[in-house]
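**Student:** Quick one, my_file09.cif (mmCIF, C-alpha atoms):
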data_target
loop_
_atom_site.label_atom_id
_atom_site.label_comp_id
_atom_site.auth_asym_id
_atom_site.auth_seq_id
_atom_site.Cartn_x
_atom_site.Cartn_y
_atom_site.Cartn_z
CA MET A 1 -75.80 200.45 288.01
CA ASN A 2 -73.54 199.39 285.13
CA LEU A 3 -71.95 196.01 285.99
CA LYS A 4 -68.46 197.14 284.91
CA LEU A 5 -68.74 200.28 287.06
CA LEU A 6 -69.93 198.24 290.04
CA THR A 7 -67.02 195.81 289.61
CA LEU A 8 -64.57 198.72 289.42
CA LEU A 9 -65.99 200.30 292.57
CA LEU A 10 -65.77 196.98 294.43
CA CYS A 11 -62.17 196.53 293.33
CA LEU A 12 -61.30 200.04 294.48
CA ALA A 13 -63.00 199.41 297.81
CA VAL A 14 -61.09 196.16 298.33
CA SER A 15 -57.81 197.89 297.38
CA ALA A 16 -58.53 200.69 299.87
CA LEU A 17 -59.23 198.16 302.62
CA ASP A 18 -56.05 196.24 301.79
CA ALA A 19 -54.03 199.47 301.87
CA ALA A 20 -55.52 200.43 305.23
CA ALA A 21 -54.68 197.01 306.67
CA ALA A 22 -51.17 196.85 305.17
CA PHE A 23 -48.23 196.86 307.55
CA ARG A 24 -46.00 199.93 307.38
CA ALA A 25 -42.92 201.14 309.24
CA GLY A 26 -40.77 204.27 309.42
CA ILE A 27 -37.73 205.35 311.39
CA ALA A 28 -36.03 208.69 312.09
CA VAL A 29 -33.11 210.04 314.13
CA ARG A 30 -32.21 213.33 315.79
CA ASN A 31 -28.83 214.35 317.23
CA VAL A 32 -29.10 215.63 320.83
CA THR A 33 -25.42 216.13 321.65
CA PRO A 34 -25.25 219.29 323.81
CA ASP A 35 -23.20 222.20 322.47
CA PRO A 36 -21.42 223.29 324.57
CA LEU A 37 -20.97 219.99 326.39
CA LEU A 38 -22.76 219.40 329.70
CA PRO A 39 -21.83 217.34 332.78
CA VAL A 40 -22.83 213.66 332.69
CA SER A 41 -24.78 211.53 335.14
CA GLY A 42 -24.12 207.98 336.27
CA GLY A 43 -26.94 207.89 338.81
CA VAL A 44 -28.19 209.56 341.97
CA GLY A 45 -25.92 212.42 343.03
CA PRO A 46 -23.95 215.21 341.37
CA SER A 47 -23.09 215.03 337.68
CA ALA A 48 -19.45 214.93 336.58
CA PRO A 49 -17.76 217.52 334.30
CA VAL A 50 -16.57 216.55 330.82
CA THR A 51 -13.96 217.98 328.49
CA ARG A 52 -14.67 216.07 325.27
CA LYS A 53 -17.03 213.69 323.56
CA ALA A 54 -16.72 210.26 321.94
CA GLY A 55 -19.60 209.72 319.54
CA ASP A 56 -22.89 211.62 319.49
CA LEU A 57 -26.03 211.30 321.57
CA ASN A 58 -29.19 210.55 319.61
CA VAL A 59 -32.91 209.98 319.98
CA ARG A 60 -34.41 207.44 317.59
CA ALA A 61 -38.04 206.70 316.76
CA LEU A 62 -39.35 203.57 315.05
CA VAL A 63 -43.05 203.71 314.13
CA PHE A 64 -45.19 200.72 313.15
CA GLU A 65 -48.66 200.93 311.61
CA GLN A 66 -51.22 198.29 310.73
CA ASP A 67 -54.99 198.42 310.27
CA GLY A 68 -55.43 201.77 312.00
CA THR A 69 -53.04 201.07 314.89
CA ARG A 70 -49.87 203.12 315.23
CA VAL A 71 -47.09 202.50 317.75
CA ALA A 72 -43.89 204.49 318.31
CA ILE A 73 -40.85 202.91 319.94
CA VAL A 74 -38.38 205.59 321.00
CA SER A 75 -34.83 205.13 322.28
CA ALA A 76 -32.81 207.93 323.88
CA ASP A 77 -29.11 207.97 324.77
CA PHE A 78 -29.55 208.81 328.45
CA LEU A 79 -29.33 207.11 331.83
CA GLY A 80 -33.12 207.31 332.02
CA PHE A 81 -35.94 209.41 330.61
CA PRO A 82 -38.68 210.20 333.14
CA ALA A 83 -42.39 210.27 332.23
CA GLN A 84 -42.51 213.96 333.13
CA LEU A 85 -40.37 214.63 330.03
CA GLY A 86 -41.91 211.83 328.03
CA ASN A 87 -45.35 213.36 328.44
CA ARG A 88 -44.09 216.62 326.95
CA VAL A 89 -43.01 214.65 323.91
CA ARG A 90 -46.30 212.77 323.66
CA ALA A 91 -48.23 216.05 323.78
CA ALA A 92 -46.29 217.27 320.73
CA VAL A 93 -47.22 214.22 318.63
CA LYS A 94 -50.70 214.38 317.11
CA ASP A 95 -50.77 211.32 314.87
CA ILE A 96 -50.16 208.61 317.50
CA PRO A 97 -52.16 208.06 320.70
CA ALA A 98 -50.08 209.11 323.71
CA GLU A 99 -50.42 205.67 325.32
CA ASN A 100 -48.95 204.10 322.17
CA ILE A 101 -45.68 206.04 322.44
CA LEU A 102 -43.07 203.99 324.32
CA ILE A 103 -39.99 205.96 325.36
CA GLY A 104 -36.97 204.09 326.64
CA ALA A 105 -33.40 204.96 327.59
CA THR A 106 -30.27 203.14 326.45
CA HIS A 107 -28.86 203.74 329.96
CA THR A 108 -25.51 205.22 328.96
CA HIS A 109 -23.72 206.57 332.04
CA SER A 110 -22.04 209.30 329.99
CA ALA A 111 -24.91 211.66 329.12
CA PRO A 112 -26.53 214.69 330.81
CA ASP A 113 -28.94 214.25 333.71
CA CYS A 114 -32.60 214.15 332.63
CA TYR A 115 -33.95 213.82 336.18
CA GLY A 116 -32.49 216.74 338.08
CA PHE A 117 -30.70 214.73 340.75
CA PRO A 118 -29.77 216.88 343.76
CA ASP A 119 -26.13 217.97 343.61
CA GLY A 120 -25.70 218.28 347.37
CA LYS A 121 -25.43 222.06 347.11
CA GLY A 122 -29.11 222.90 346.89
CA GLY A 123 -29.25 222.64 343.11
CA THR A 124 -28.98 220.25 340.19
CA SER A 125 -26.85 219.75 337.07
CA ALA A 126 -29.87 219.27 334.81
CA ASP A 127 -30.16 221.98 332.17
CA PRO A 128 -33.82 222.96 331.47
CA LYS A 129 -33.06 224.50 328.06
CA TYR A 130 -31.19 221.41 326.95
CA LEU A 131 -34.00 219.11 328.11
CA GLU A 132 -36.52 221.27 326.24
CA MET A 133 -34.41 220.83 323.10
CA VAL A 134 -34.28 217.05 323.64
CA CYS A 135 -38.07 216.85 323.97
CA THR A 136 -38.53 218.96 320.82
CA ARG A 137 -36.16 216.82 318.77
CA MET A 138 -37.65 213.59 320.08
CA ALA A 139 -41.11 214.72 318.98
CA GLU A 140 -39.62 215.73 315.61
CA ALA A 141 -38.13 212.24 315.21
CA ILE A 142 -41.48 210.58 315.94
CA ASN A 143 -43.32 212.88 313.54
CA GLU A 144 -40.73 212.31 310.82
CA ALA A 145 -40.97 208.54 311.29
CA VAL A 146 -44.74 208.83 310.77
CA ALA A 147 -44.17 210.87 307.61
CA LYS A 148 -41.73 208.21 306.35
CA LEU A 149 -44.07 205.25 306.88
CA GLN A 150 -43.71 202.80 304.01
CA PRO A 151 -44.97 199.29 303.23
CA ALA A 152 -42.77 196.86 305.11
CA LYS A 153 -42.19 193.22 305.93
CA LEU A 154 -40.66 192.09 309.21
CA LYS A 155 -38.02 189.59 310.21
CA ILE A 156 -38.07 188.68 313.91
CA ALA A 157 -35.56 186.42 315.62
CA THR A 158 -34.09 185.55 319.02
CA GLY A 159 -30.77 183.87 319.68
CA GLU A 160 -27.75 183.85 321.96
CA ALA A 161 -25.36 186.72 321.31
CA LYS A 162 -21.95 185.06 321.48
CA GLY A 163 -18.67 186.59 322.52
CA LYS A 164 -17.44 188.95 325.19
CA ILE A 165 -20.39 191.38 325.38
CA ALA A 166 -22.01 191.29 328.83
CA TYR A 167 -21.77 189.56 332.20
CA ASN A 168 -23.24 189.82 335.69
CA TYR A 169 -20.87 191.81 337.89
CA TYR A 170 -22.34 190.14 341.00
CA ALA A 171 -22.44 186.58 339.62
CA PRO A 172 -20.78 186.39 336.18
CA GLN A 173 -22.93 183.65 334.58
CA LEU A 174 -26.32 184.83 335.87
CA TYR A 175 -27.39 186.96 332.94
CA ASP A 176 -29.52 186.56 329.82
CA PRO A 177 -27.34 186.16 326.70
CA ARG A 178 -30.36 186.17 324.38
CA CYS A 179 -30.70 188.96 321.85
CA SER A 180 -34.01 189.62 320.10
CA VAL A 181 -34.09 191.48 316.81
CA ILE A 182 -36.93 193.05 314.82
CA GLN A 183 -35.92 194.12 311.33
CA ALA A 184 -38.08 196.08 308.86
CA LEU A 185 -37.61 195.45 305.13
CA ASP A 186 -38.76 197.69 302.29
CA ALA A 187 -40.62 196.60 299.17
CA SER A 188 -37.38 195.39 297.56
CA GLY A 189 -36.47 193.29 300.60
CA LYS A 190 -33.74 195.65 301.80
CA PRO A 191 -33.55 196.28 305.58
CA PHE A 192 -34.12 199.89 306.56
CA ALA A 193 -34.52 199.52 310.34
CA THR A 194 -33.08 197.05 312.86
CA LEU A 195 -34.25 197.00 316.48
CA VAL A 196 -31.91 195.27 318.95
CA ASN A 197 -33.24 194.18 322.35
CA TYR A 198 -30.50 193.05 324.74
CA ALA A 199 -29.78 193.48 328.45
CA VAL A 200 -26.58 195.38 329.25
CA HIS A 201 -25.36 198.47 331.09
CA PRO A 202 -23.59 200.71 328.53
CA GLU A 203 -21.08 201.93 331.09
CA VAL A 204 -17.72 201.10 329.54
CA ILE A 205 -16.68 204.75 329.83
CA GLY A 206 -18.84 205.72 332.81
CA ASN A 207 -19.39 209.16 334.23
CA ASP A 208 -15.97 209.83 335.74
CA ALA A 209 -13.77 209.82 332.64
CA GLY A 210 -14.55 213.37 331.55
CA ILE A 211 -16.16 212.10 328.32
CA LEU A 212 -19.70 212.55 327.01
CA SER A 213 -20.68 209.48 324.98
CA PRO A 214 -23.45 207.07 323.90
CA ASP A 215 -20.96 204.42 325.04
CA LEU A 216 -21.18 201.08 323.19
CA ILE A 217 -24.57 201.95 321.66
CA GLY A 218 -23.02 204.45 319.23
CA PRO A 219 -20.73 201.86 317.62
CA LEU A 220 -23.64 199.40 317.61
CA TYR A 221 -25.60 201.80 315.42
CA ASP A 222 -22.60 202.51 313.19
CA GLN A 223 -22.01 198.82 312.54
CA ILE A 224 -25.68 198.06 311.82
CA ALA A 225 -25.67 200.79 309.17
CA ALA A 226 -22.30 199.72 307.75
CA LYS A 227 -23.42 196.09 307.42
CA GLY A 228 -26.65 196.89 305.59
CA GLY A 229 -29.09 196.73 308.48
CA GLY A 230 -30.37 200.25 307.92
CA THR A 231 -30.95 202.53 310.89
CA GLY A 232 -30.45 200.85 314.25
CA ILE A 233 -32.46 201.34 317.42
CA PHE A 234 -31.56 199.79 320.78
CA MET A 235 -33.98 198.94 323.58
CA ASN A 236 -32.42 197.67 326.79
CA GLY A 237 -33.69 194.62 328.68
CA ALA A 238 -33.71 193.30 332.24
CA GLN A 239 -30.17 194.47 333.05
CA GLY A 240 -30.41 195.15 336.78
CA GLY A 241 -28.10 193.81 339.47
CA MET A 242 -25.65 194.17 337.69
CA ILE A 243 -25.62 193.18 334.03
CA THR A 244 -22.84 195.26 332.60
CA ALA A 245 -20.57 195.39 329.57
CA ASP A 246 -17.87 192.74 329.66
CA ASN A 247 -14.79 194.93 329.45
CA ARG A 248 -12.78 192.79 331.88
CA ARG A 249 -9.07 192.45 331.27
CA GLU A 250 -6.25 190.77 333.19
CA ASN A 251 -5.10 194.13 334.49
CA GLY A 252 -8.57 195.56 335.19
CA GLU A 253 -11.45 196.98 333.18
CA ALA A 254 -10.90 198.67 329.82
CA GLY A 255 -12.85 201.93 330.00
CA THR A 256 -12.01 203.30 326.56
CA TRP A 257 -13.83 204.32 323.40
CA ASP A 258 -11.96 201.53 321.59
CA GLU A 259 -13.59 199.06 323.97
CA CYS A 260 -17.00 200.63 323.30
CA GLN A 261 -16.34 200.08 319.60
CA ARG A 262 -15.32 196.46 320.16
CA ILE A 263 -18.41 195.57 322.20
CA GLY A 264 -20.88 197.63 320.17
CA THR A 265 -19.58 196.24 316.88
CA LEU A 266 -19.71 192.68 318.19
CA LEU A 267 -23.28 193.07 319.45
CA ALA A 268 -24.34 194.52 316.08
CA ASP A 269 -22.70 191.66 314.21
CA GLU A 270 -24.41 189.13 316.47
CA ALA A 271 -27.81 190.79 316.09
CA LEU A 272 -27.51 190.77 312.29
CA ARG A 273 -26.36 187.14 312.35
CA ILE A 274 -29.32 186.14 314.53
CA VAL A 275 -31.91 187.82 312.30
CA ALA A 276 -30.35 186.88 308.94
CA ALA A 277 -32.14 183.55 308.45
CA ALA A 278 -35.46 184.57 310.01
CA PRO A 279 -38.48 184.15 307.72
CA GLU A 280 -40.15 187.26 306.35
CA GLN A 281 -43.53 188.18 307.80
CA ALA A 282 -45.36 189.89 304.97
CA SER A 283 -48.51 190.96 306.84
CA PRO A 284 -47.71 191.01 310.57
CA LYS A 285 -50.59 191.94 312.84
CA LEU A 286 -50.08 194.75 315.34
CA SER A 287 -51.81 195.64 318.58
CA CYS A 288 -50.81 197.91 321.45
CA HIS A 289 -52.28 197.85 324.93
CA ALA A 290 -51.63 200.14 327.90
CA ARG A 291 -52.67 200.19 331.53
CA PRO A 292 -51.58 201.98 334.70
CA LEU A 293 -49.19 200.25 337.09
CA THR A 294 -49.01 201.41 340.71
CA PHE A 295 -46.02 200.74 342.97
CA LEU A 296 -45.58 201.15 346.71
CA VAL A 297 -42.67 203.40 347.65
CA ASP A 298 -41.23 202.00 350.86
CA SER A 299 -37.64 203.15 350.45
CA PRO A 300 -36.88 206.32 352.47
CA LEU A 301 -34.15 207.23 349.98
CA MET A 302 -36.45 206.88 346.97
CA ARG A 303 -39.30 208.76 348.69
CA ALA A 304 -36.97 211.65 349.45
CA LEU A 305 -35.47 211.57 345.96
CA LEU A 306 -38.82 211.51 344.17
CA LYS A 307 -39.95 214.45 346.27
CA ALA A 308 -36.78 216.40 345.53
CA LEU A 309 -36.72 215.95 341.76
CA PRO A 310 -37.74 219.17 339.99
CA GLY A 311 -41.01 218.60 338.18
CA GLY A 312 -40.70 214.90 338.91
CA THR A 313 -43.23 212.39 340.15
CA ALA A 314 -43.56 212.56 343.91
CA ALA A 315 -45.03 209.53 345.64
CA THR A 316 -48.58 210.20 346.82
CA ASP A 317 -49.58 208.36 350.01
CA GLY A 318 -46.55 206.14 349.54
CA LYS A 319 -47.55 205.17 345.98
CA LEU A 320 -46.73 206.18 342.43
CA THR A 321 -48.24 205.20 339.11
CA THR A 322 -46.64 204.66 335.72
CA GLN A 323 -47.69 203.14 332.38
CA LEU A 324 -47.24 199.52 331.38
CA ASN A 325 -47.39 198.58 327.69
CA LEU A 326 -47.89 195.27 325.93
CA ILE A 327 -47.37 195.07 322.16
CA ASN A 328 -48.14 192.15 319.89
CA ILE A 329 -46.34 192.41 316.57
CA GLY A 330 -46.24 189.47 314.20
CA ASN A 331 -45.16 186.46 316.24
CA ALA A 332 -43.51 188.60 318.92
CA GLN A 333 -44.74 190.02 322.20
CA ILE A 334 -43.19 193.07 323.89
CA LEU A 335 -43.64 194.08 327.54
CA THR A 336 -42.29 197.29 329.09
CA ILE A 337 -40.52 197.54 332.45
CA PRO A 338 -40.27 200.98 334.15
CA GLY A 339 -36.82 200.41 335.61
CA GLU A 340 -33.96 197.95 335.92
CA ALA A 341 -35.34 194.48 336.59
CA LEU A 342 -32.90 191.83 337.75
CA PRO A 343 -32.28 188.99 335.27
CA ASN A 344 -34.26 186.36 337.20
CA ILE A 345 -37.37 188.53 336.86
CA GLY A 346 -36.61 189.00 333.17
CA TYR A 347 -36.22 185.27 332.58
CA TYR A 348 -39.48 184.53 334.42
CA LEU A 349 -41.51 187.13 332.53
CA LYS A 350 -40.19 185.96 329.16
CA ARG A 351 -41.04 182.38 330.08
CA LYS A 352 -44.62 183.33 330.91
CA MET A 353 -45.22 185.63 327.93
CA ARG A 354 -47.04 184.23 324.92
CA GLY A 355 -45.07 185.17 321.85
CA GLU A 356 -42.77 182.98 319.82
CA HIS A 357 -40.32 185.79 320.54
CA ASN A 358 -40.68 187.63 323.84
CA LEU A 359 -39.00 191.02 324.31
CA LEU A 360 -38.66 193.12 327.45
CA PHE A 361 -38.12 196.86 327.09
CA GLY A 362 -36.46 197.98 330.32
CA LEU A 363 -36.17 201.61 331.46
CA THR A 364 -39.25 202.38 329.35
CA ASN A 365 -41.96 204.94 330.14
CA ASP A 366 -40.12 205.59 333.43
CA ALA A 367 -37.02 204.37 335.23
CA PHE A 368 -37.69 203.89 338.94
CA GLY A 369 -34.46 202.25 340.02
CA TYR A 370 -33.81 198.56 340.51
CA ILE A 371 -36.58 195.96 340.55
CA LEU A 372 -35.83 192.80 342.49
CA THR A 373 -37.90 190.08 344.15
CA LYS A 374 -38.92 190.27 347.81
CA GLU A 375 -36.80 187.14 348.40
CA ASP A 376 -33.68 188.94 347.17
CA PHE A 377 -34.47 192.35 348.69
CA ASN A 378 -31.92 193.14 351.43
CA SER A 379 -31.07 189.44 351.67
CA PHE A 380 -27.45 189.54 350.51
CA LYS A 381 -24.64 191.97 351.11
CA ARG A 382 -24.17 192.10 347.34
CA TYR A 383 -27.69 193.48 347.02
CA GLU A 384 -27.36 196.30 349.53
CA TYR A 385 -27.02 198.95 346.82
CA VAL A 386 -29.75 197.64 344.52
CA SER A 387 -32.10 197.26 347.50
CA ARG A 388 -31.42 200.80 348.69
CA THR A 389 -32.10 202.22 345.21
CA SER A 390 -35.28 200.19 344.70
CA LEU A 391 -38.77 201.49 345.43
CA GLY A 392 -39.17 198.73 347.98
CA GLU A 393 -39.56 195.08 348.85
CA GLN A 394 -42.82 194.62 346.91
CA THR A 395 -41.70 196.23 343.63
CA GLY A 396 -40.73 193.01 341.86
CA GLU A 397 -43.81 191.12 342.99
CA ILE A 398 -46.12 193.94 341.88
CA LEU A 399 -44.43 194.12 338.48
CA VAL A 400 -44.56 190.37 337.90
CA ASN A 401 -48.16 189.88 339.07
CA GLU A 402 -49.53 192.84 337.12
CA SER A 403 -47.51 191.96 334.02
CA LEU A 404 -48.73 188.36 333.98
CA LYS A 405 -52.31 189.53 334.45
CA PHE A 406 -51.80 191.94 331.54
CA VAL A 407 -50.38 189.18 329.33
CA LYS A 408 -53.24 186.83 330.19
CA GLU A 409 -55.95 189.40 329.48
CA SER A 410 -54.52 190.60 326.15
CA PRO A 411 -54.66 188.93 322.72
CA THR A 412 -51.78 186.62 321.92
CA PRO A 413 -49.60 187.06 318.84
CA GLU A 414 -50.90 183.71 317.52
CA THR A 415 -54.50 184.91 317.79
CA LEU A 416 -53.62 188.05 315.87
CA LEU A 417 -51.82 186.13 313.16
CA THR A 418 -54.86 183.93 312.45
CA LYS A 419 -57.34 186.79 312.12
#
Turn the structure described in the file into structure tokens.
**Tutor:**
Amino acid sequence: MNLKLLTLLLCLAVSALDAAAAFRAGIAVRNVTPDPLLPVSGGVGPSAPVTRKAGDLNVRALVFEQDGTRVAIVSADFLGFPAQLGNRVRAAVKDIPAENILIGATHTHSAPDCYGFPDGKGGTSADPKYLEMVCTRMAEAINEAVAKLQPAKLKIATGEAKGKIAYNYYAPQLYDPRCSVIQALDASGKPFATLVNYAVHPEVIGNDAGILSPDLIGPLYDQIAAKGGGTGIFMNGAQGGMITADNRRENGEAGTWDECQRIGTLLADEALRIVAAAPEQASPKLSCHARPLTFLVDSPLMRALLKALPGGTAATDGKLTTQLNLINIGNAQILTIPGEALPNIGYYLKRKMRGEHNLLFGLTNDAFGYILTKEDFNSFKRYEYVSRTSLGEQTGEILVNESLKFVKESPTPETLLTK
């Protein structure tokens, strides 16, 4: 073969391999505000009627790709998004393995019920047609994010978000003030996507104000875009028991849209400040791992509720199974939590994870109530509610043990970076 032709073919082959291994990212959004408006859910029980909206509800999909691996991180403006709906979405996405699609909820308390909680009258406030539309638009967002994949660099950072953003309602100082940020930059170095991972209940407005709203997450997204961070996406953290928005005032709590704007804007500003000086990672390695996680369901309330949910996941022989994900991306490690873990569990898991930056995605792939340790379960009067709405005494221990085993058995971000 002609030497020049052989050299050309080798160069083309190397270029093709480099292109296949290059890191890419894409993000897309769909509006899922119901029209006409629907009642909103703040938890187990009947939904509450609304008369107006403040902000729009959205589903957002951020897709990463590197060396044949694709991962979708999806955030939805709901209290929770059960796997029964998530699996409908996964089935409508052909270009990403189902186990690599992580679907989390922002946990706003001012959006329609996705579970079908019993209303006490033999029915539910969940609207099947609306939920079908949500699933369709979520799949559309994922597919569009795949279509928009572009070469990207990452900036990843973790730091304390300062200011009046969150606190622990049960014990004010016992919460995690750290905010982790993953930002995708285009070929010119301009950010086009900013992921914010922070633990907080977006319940400034709540479900009893007659308002449908993304709560503080809407203004968070608006500020990220306004300040040049591109499209924002929020993944909640270990915000159980009870890490809520700090809307305290001398005369009580401020439950207004203005307060949502204050907190959301502040959190966005802090996230952008934290990530600003982070070094660029030009060729971050990516891996995604999934395995089943089985919980015992000891709580009579949760057993009855799971059985009553239309199309939901009933506990079989006192057990139920969900999906646990572990992602290594650049020098960060991400672990999913299928519910609302208390902050001590969150701190412990982050301490035992093996990334330079360790992120927890709460309320992801499922949302099975509060997750607390067996030592805390039913031990304090303060924890009566979170214990009653937990799967049981062993939930926290099962999550921690299985998560640590998962972390130990999976590649570390450092190993991936040196390959």
**Student:** I'd like the contact shell of Arg248 in chain A - 10 Å cut-off, only C-alpha atoms, skipping same-chain residues fewer than 4 positions apart - returned as a ChimeraX atom specification.
**Tutor:** /A:164,166-167,204,252-255
**Student:** Select, counting only C-alpha atoms, all protein, DNA and RNA residues no farther than 10 Å from (-51.3, 205.0, 329.1) in file coordinates, and express the selection as a list in words.
**Tutor:** Pro97, Ala98, Glu99, Asn100, Ile101, Leu102, His289, Ala290, Arg291, Pro292, Leu293, Thr322, Gln323, Leu324, Asn325 and Asn365 of chain A
**Student:** Selected by the PyMOL selection byres ((chain A and resi 63) around 7) in the shown coordinates: which residues, as a PDB file with C-alpha atoms, keeping the file's coordinate frame?
**Tutor:**
ATOM      1  CA  ALA A  25     -42.920 201.140 309.240  1.00  0.00           C
ATOM      2  CA  GLY A  26     -40.770 204.270 309.420  1.00  0.00           C
ATOM      3  CA  ILE A  27     -37.730 205.350 311.390  1.00  0.00           C
ATOM      4  CA  ALA A  61     -38.040 206.700 316.760  1.00  0.00           C
ATOM      5  CA  LEU A  62     -39.350 203.570 315.050  1.00  0.00           C
ATOM      6  CA  PHE A  64     -45.190 200.720 313.150  1.00  0.00           C
ATOM      7  CA  GLU A  65     -48.660 200.930 311.610  1.00  0.00           C
ATOM      8  CA  ARG A  70     -49.870 203.120 315.230  1.00  0.00           C
ATOM      9  CA  VAL A  71     -47.090 202.500 317.750  1.00  0.00           C
ATOM     10  CA  ALA A  72     -43.890 204.490 318.310  1.00  0.00           C
ATOM     11  CA  ILE A  73     -40.850 202.910 319.940  1.00  0.00           C
ATOM     12  CA  ALA A 145     -40.970 208.540 311.290  1.00  0.00           C
ATOM     13  CA  VAL A 146     -44.740 208.830 310.770  1.00  0.00           C
TER      14      VAL A 146
END
**Student:** Pick from A:Lys153, A:Ala28, A:Ile103, A:Ala209: nearest to Val40 in chain A, with all atoms listed in the file counted?
**Tutor:**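 Among A:Lys153, A:Ala28, A:Ile103, A:Ala209, it is A:Ala209 that comes nearest to Val40 in chain A.
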**Student:** Report as JSON lines: every residue of range 247-358 of chain A with an atom at most 12 Å from range 188-199 of chain A, its closest pair of atoms, and their distance in Å to one decimal, counting only C-alpha atoms, with rows sorted by chain and ascending residue number.
**Tutor:**
{"residue": "A:Gly264", "atom": "CA", "partner": "A:Val196", "partner_atom": "CA", "distance": 11.3}
{"residue": "A:Leu267", "atom": "CA", "partner": "A:Val196", "partner_atom": "CA", "distance": 8.9}
{"residue": "A:Ala268", "atom": "CA", "partner": "A:Val196", "partner_atom": "CA", "distance": 8.1}
{"residue": "A:Asp269", "atom": "CA", "partner": "A:Val196", "partner_atom": "CA", "distance": 11.0}
{"residue": "A:Glu270", "atom": "CA", "partner": "A:Val196", "partner_atom": "CA", "distance": 10.0}
{"residue": "A:Ala271", "atom": "CA", "partner": "A:Val196", "partner_atom": "CA", "distance": 6.7}
{"residue": "A:Leu272", "atom": "CA", "partner": "A:Thr194", "partner_atom": "CA", "distance": 8.4}
{"residue": "A:Arg273", "atom": "CA", "partner": "A:Val196", "partner_atom": "CA", "distance": 11.9}
{"residue": "A:Ile274", "atom": "CA", "partner": "A:Val196", "partner_atom": "CA", "distance": 10.5}
{"residue": "A:Val275", "atom": "CA", "partner": "A:Thr194", "partner_atom": "CA", "distance": 9.3}
{"residue": "A:Ala276", "atom": "CA", "partner": "A:Pro191", "partner_atom": "CA", "distance": 10.5}
{"residue": "A:Pro279", "atom": "CA", "partner": "A:Gly189", "partner_atom": "CA", "distance": 11.8}
{"residue": "A:Glu280", "atom": "CA", "partner": "A:Gly189", "partner_atom": "CA", "distance": 9.1}
{"residue": "A:Gln281", "atom": "CA", "partner": "A:Gly189", "partner_atom": "CA", "distance": 11.3}
{"residue": "A:Ala282", "atom": "CA", "partner": "A:Gly189", "partner_atom": "CA", "distance": 10.5}
{"residue": "A:Ile334", "atom": "CA", "partner": "A:Asn197", "partner_atom": "CA", "distance": 10.1}
{"residue": "A:Leu335", "atom": "CA", "partner": "A:Asn197", "partner_atom": "CA", "distance": 11.6}
{"residue": "A:Thr336", "atom": "CA", "partner": "A:Asn197", "partner_atom": "CA", "distance": 11.7}
{"residue": "A:Glu340", "atom": "CA", "partner": "A:Ala199", "partner_atom": "CA", "distance": 9.7}
{"residue": "A:Ala341", "atom": "CA", "partner": "A:Ala199", "partner_atom": "CA", "distance": 9.9}
{"residue": "A:Leu342", "atom": "CA", "partner": "A:Ala199", "partner_atom": "CA", "distance": 9.9}
{"residue": "A:Pro343", "atom": "CA", "partner": "A:Ala199", "partner_atom": "CA", "distance": 8.5}
{"residue": "A:Gly346", "atom": "CA", "partner": "A:Ala199", "partner_atom": "CA", "distance": 9.4}
{"residue": "A:Tyr347", "atom": "CA", "partner": "A:Ala199", "partner_atom": "CA", "distance": 11.2}
{"residue": "A:His357", "atom": "CA", "partner": "A:Asn197", "partner_atom": "CA", "distance": 11.1}
{"residue": "A:Asn358", "atom": "CA", "partner": "A:Asn197", "partner_atom": "CA", "distance": 10.0}
**Student:** Care to translate the PyMOL selection byres ((chain A and resi 150) around 9) into actual residues of this file, as a VMD selection string?
**Tutor:** chain A and resid 23 to 26 147 to 149 151 to 152 186 to 187
**Student:** My list of candidates is A:Leu212, A:Ala277, A:Cys179, A:Leu391. Which is closest to Trp257 in chain A when distances are computed with all atoms listed in the file?
**Tutor:**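 Smallest separation from Trp257 in chain A among the options: A:Leu212.
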**Student:** Of the candidates A:Tyr383, A:Leu266, A:Lys121, A:Thr69, which one gets nearest to Lys227 in chain A if we count all atoms listed in the file?
**Tutor:**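 Using all atoms listed in the file, the shortest distance to Lys227 in chain A belongs to A:Leu266.
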**Student:** Looking at A:Leu309, A:Ile327, A:Ala105, A:Leu216, which one is nearest to Asp119 in chain A, with distances taken over all atoms listed in the file?
**Tutor:**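 Once distances to Asp119 in chain A are computed over all atoms listed in the file, the minimum belongs to A:Leu309.
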**Student:** Could you jot down the CA of Gly68 in chain A to CA of Asn328 in chain A separation for me, Å, one decimal place?
**Tutor:**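 Going from CA of Gly68 in chain A over to CA of Asn328 in chain A, I get 14.4 Å.
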**Student:** Between CA of Ala83 in chain A and CA of Thr364 in chain A, what is the distance in Å, rounded to a tenth?
**Tutor:** 9.0 Å
**Student:** Just to confirm, what's the straight-line distance from CA of Thr294 in chain A to CA of Ala367 in chain A in Å (one decimal)?
**Tutor:**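 It comes out at 13.5 Å.
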**Student:** Could you write out as a ChimeraX atom specification the residues that the PyMOL selection byres ((chain A and resi 405-414) around 9) matches in the shown file?
**Tutor:** /A:285-287,289-291,324-333,335,352-356,400-404,415-419
**Student:** For Phe81 in chain A, please output as an MDAnalysis selection string all residues within 12 Å (counting all atoms listed in the file; exclusion window: fewer than 2 positions along the same chain).
**Tutor:** chainID A and resid 59 74:79 83:89 102:108 111:116 131 134:135 138 312 338:339 362:369
**Student:** Kindly provide, as lines of an AutoDock Vina configuration file, the centre and edge lengths (Å, one decimal) of an axis-aligned box around all atoms of range 241-249 of chain A given in the file, with 6 Å on each side.
**Tutor:**
center_x = -18.6
center_y = 193.9
center_z = 334.5
size_x = 31.0
size_y = 14.9
size_z = 22.0
**Student:** In terms of the shortest atom-to-atom distance over only C-alpha atoms, which of A:Gly392, A:Gly206, A:Pro46, A:Pro284 is closest to Leu301 in chain A?
**Tutor:** A:Gly392
